[in-house]
Amino acid sequence: MSTINEKIEKTVQWLQDKVEESHSKGLIVGVSGGIDSAVVANLIKRACPENSLGVLLDIQNSEVDKEDAMKVIEACGIKHMTLNLENSHDVLIDTVVENLKENDLYREDTHRMTDANLRARLRMCTIYAIANNLGYLVAGTDNAAEMYTGYFTKYGDGGVDILPICNISKAEVYDWARSLGVPESLITKAPTAGLWEGQTDENEMGTTYDMIDAVMNGREEEVPEKDRKIIDRLHTNSEHKRNTPGKPPKF
C-alpha cells in the first residue's frame, strides 16, 4: 500500500499529466481558508511551480477564513490574487429578489440558501474568467465524503475541470495536510463552507465526516442508524450532482 507521500507524489504527477493532455498552461484553485483548498493549493503548486495560482474571492468571507487563506498562500508560496466580489454579488442578488417580488414569486424561507449558492456560483464564474485568460485548468477541492453526500454547490464549487482529492476521505485530507505542511490553524478549525455566520459542515449535514468516511469504507456497523439514514438520504438526493444533465431518449 502506498504511503501518504507516495500518494501525494502520484497525485502531483497526475495533475501534470492532465495539464499536458489538455494542452493547458497551468492550474488554478480558489483558496477559501479551509483544509480542502489548502491541500489542493499545495498540490497544484508542486505540480506547476511557476504556473499555478491561488485566488481569494471575498464575498462575505469571515476574517478568520481570510487570515487562514493567506496563511496557506504564504506557507506554500503559490502566486495569488484577491478579488472583492461584494458589489457584484449585491447587485445580482438584489436584482433577482426585486424581480421575484415584482412577479409575486419571492420566497423568504429559501433566501439564505439561494444567496449562499449564488455566492458559490459567482466565485466559480470569476475563477473561470481568470482561468480562461491564463489558459489554466480549474482544480476543485471536493473530497470523497463531499462527493458521496453531494455536499457542494452544483455549478458552484462543483464547477471545475479536475478533482485532485475526490478519492480521499476527510480523515485522509487531514493526513495529507500535515504531510504538506498546511498551517495548524486550518487543521484544528471546524470544517465550514462559510455559507453564513456560525455555519459548519457537520451541523448543516446533521452527521459527521467520521460517519461518512465509515460508510464509504464499508464500516457501516460502526455508524448509528440515525446517521446512516441521513447519509443515505444525502447520497440519494444528490445523485444528479454527480452525473451529466438528464436527457430524454431519442423518440
# chains A, B, ... in the order shown; residues from 1 in each chain; ligands from 1
>>> select_by_dssp(residues="segment 147-241 of chain A", states="helix (DSSP H, G or I)", output="JSON, numbers by chain")
{"A": [147, 148, 149, 170, 171, 172, 173, 174, 175, 176, 177, 178, 179, 180, 184, 185, 186, 187, 188, 201, 202, 203, 204, 205, 209, 210, 211, 212, 213, 214, 215, 216, 220, 221, 222, 225, 226, 227, 228, 229, 230, 231, 232, 233, 234, 235, 236, 237, 239, 240, 241]}
>>> residues_around(residues="Trp14 of chain A", least_positions_apart="6", cutoff="10 Å", atoms="only C-alpha atoms", output="list in words")
Ile8, Glu20, Ala47 and Pro164 of chain A
>>> residues_around(residues="Asp157 of chain A", least_positions_apart="6", cutoff="12 Å", atoms="only C-alpha atoms", output="ChimeraX atom specification")
/A:29-32,36-37,116-128,138-143,146-147,150-151,163,193,241
>>> atom_distance(atom1="atom CA of Ile28 of chain A", atom2="atom CA of Asp115 of chain A")
24.6 Å
>>> closest_atom_pairs(of="segment 57-127 of chain A", to="segment 39-44 of chain A", cutoff="9 Å", atoms="only C-alpha atoms", output="CSV")
residue,atom,partner,partner_atom,distance
A:Val72,CA,A:Ala41,CA,7.8
A:Ile73,CA,A:Ala41,CA,7.9
A:Ala75,CA,A:Asn42,CA,8.8
A:Cys76,CA,A:Asn42,CA,5.8
A:Gly77,CA,A:Asn42,CA,8.6
A:Ile78,CA,A:Ala41,CA,7.4
>>> write_last_selection(atoms="N, CA and C atoms", output="mmCIF file, in the first residue's frame")
data_model
loop_
_atom_site.group_PDB
_atom_site.id
_atom_site.type_symbol
_atom_site.label_atom_id
_atom_site.label_comp_id
_atom_site.auth_asym_id
_atom_site.auth_seq_id
_atom_site.Cartn_x
_atom_site.Cartn_y
_atom_site.Cartn_z
ATOM 1 N N VAL A 72 -2.198 29.926 4.096
ATOM 2 C CA VAL A 72 -1.961 28.866 3.110
ATOM 3 C C VAL A 72 -1.088 29.387 1.978
ATOM 4 N N ILE A 73 -1.447 30.548 1.458
ATOM 5 C CA ILE A 73 -0.707 31.160 0.355
ATOM 6 C C ILE A 73 0.759 31.339 0.735
ATOM 7 N N ALA A 75 2.446 29.887 3.205
ATOM 8 C CA ALA A 75 3.133 28.650 3.573
ATOM 9 C C ALA A 75 3.590 27.863 2.350
ATOM 10 N N CYS A 76 2.764 27.824 1.304
ATOM 11 C CA CYS A 76 3.153 27.022 0.130
ATOM 12 C C CYS A 76 3.817 27.861 -0.954
ATOM 13 N N GLY A 77 3.766 29.181 -0.826
ATOM 14 C CA GLY A 77 4.475 30.042 -1.771
ATOM 15 C C GLY A 77 3.838 30.158 -3.131
ATOM 16 N N ILE A 78 2.563 29.842 -3.237
ATOM 17 C CA ILE A 78 1.884 29.920 -4.527
ATOM 18 C C ILE A 78 1.574 31.371 -4.879
#
>>> closest_residue(among="A:Met113, A:Val223, A:Met216, A:Ile35", to="Lys189 of chain A", atoms="only C-alpha atoms")
A:Ile35
>>> closest_residue(among="A:Leu85, A:Leu15, A:Leu27, A:Leu180", to="Asn132 of chain A", atoms="only C-alpha atoms")
A:Leu27
>>> closest_residue(among="A:Ala177, A:Val96, A:Ile187, A:Ala144", to="His235 of chain A", atoms="only C-alpha atoms")
A:Ala144
>>> atom_distance(atom1="atom CA of Thr153 of chain A", atom2="atom CA of Glu239 of chain A")
12.8 Å
>>> select_by_dssp(residues="segment 64-164 of chain A", states="strand (DSSP E)", output="VMD selection string")
chain A and resid 79 to 84 136 to 138
>>> closest_residue(among="A:Ala129, A:Leu137, A:Val173, A:Thr11", to="Val160 of chain A", atoms="only C-alpha atoms")
A:Leu137
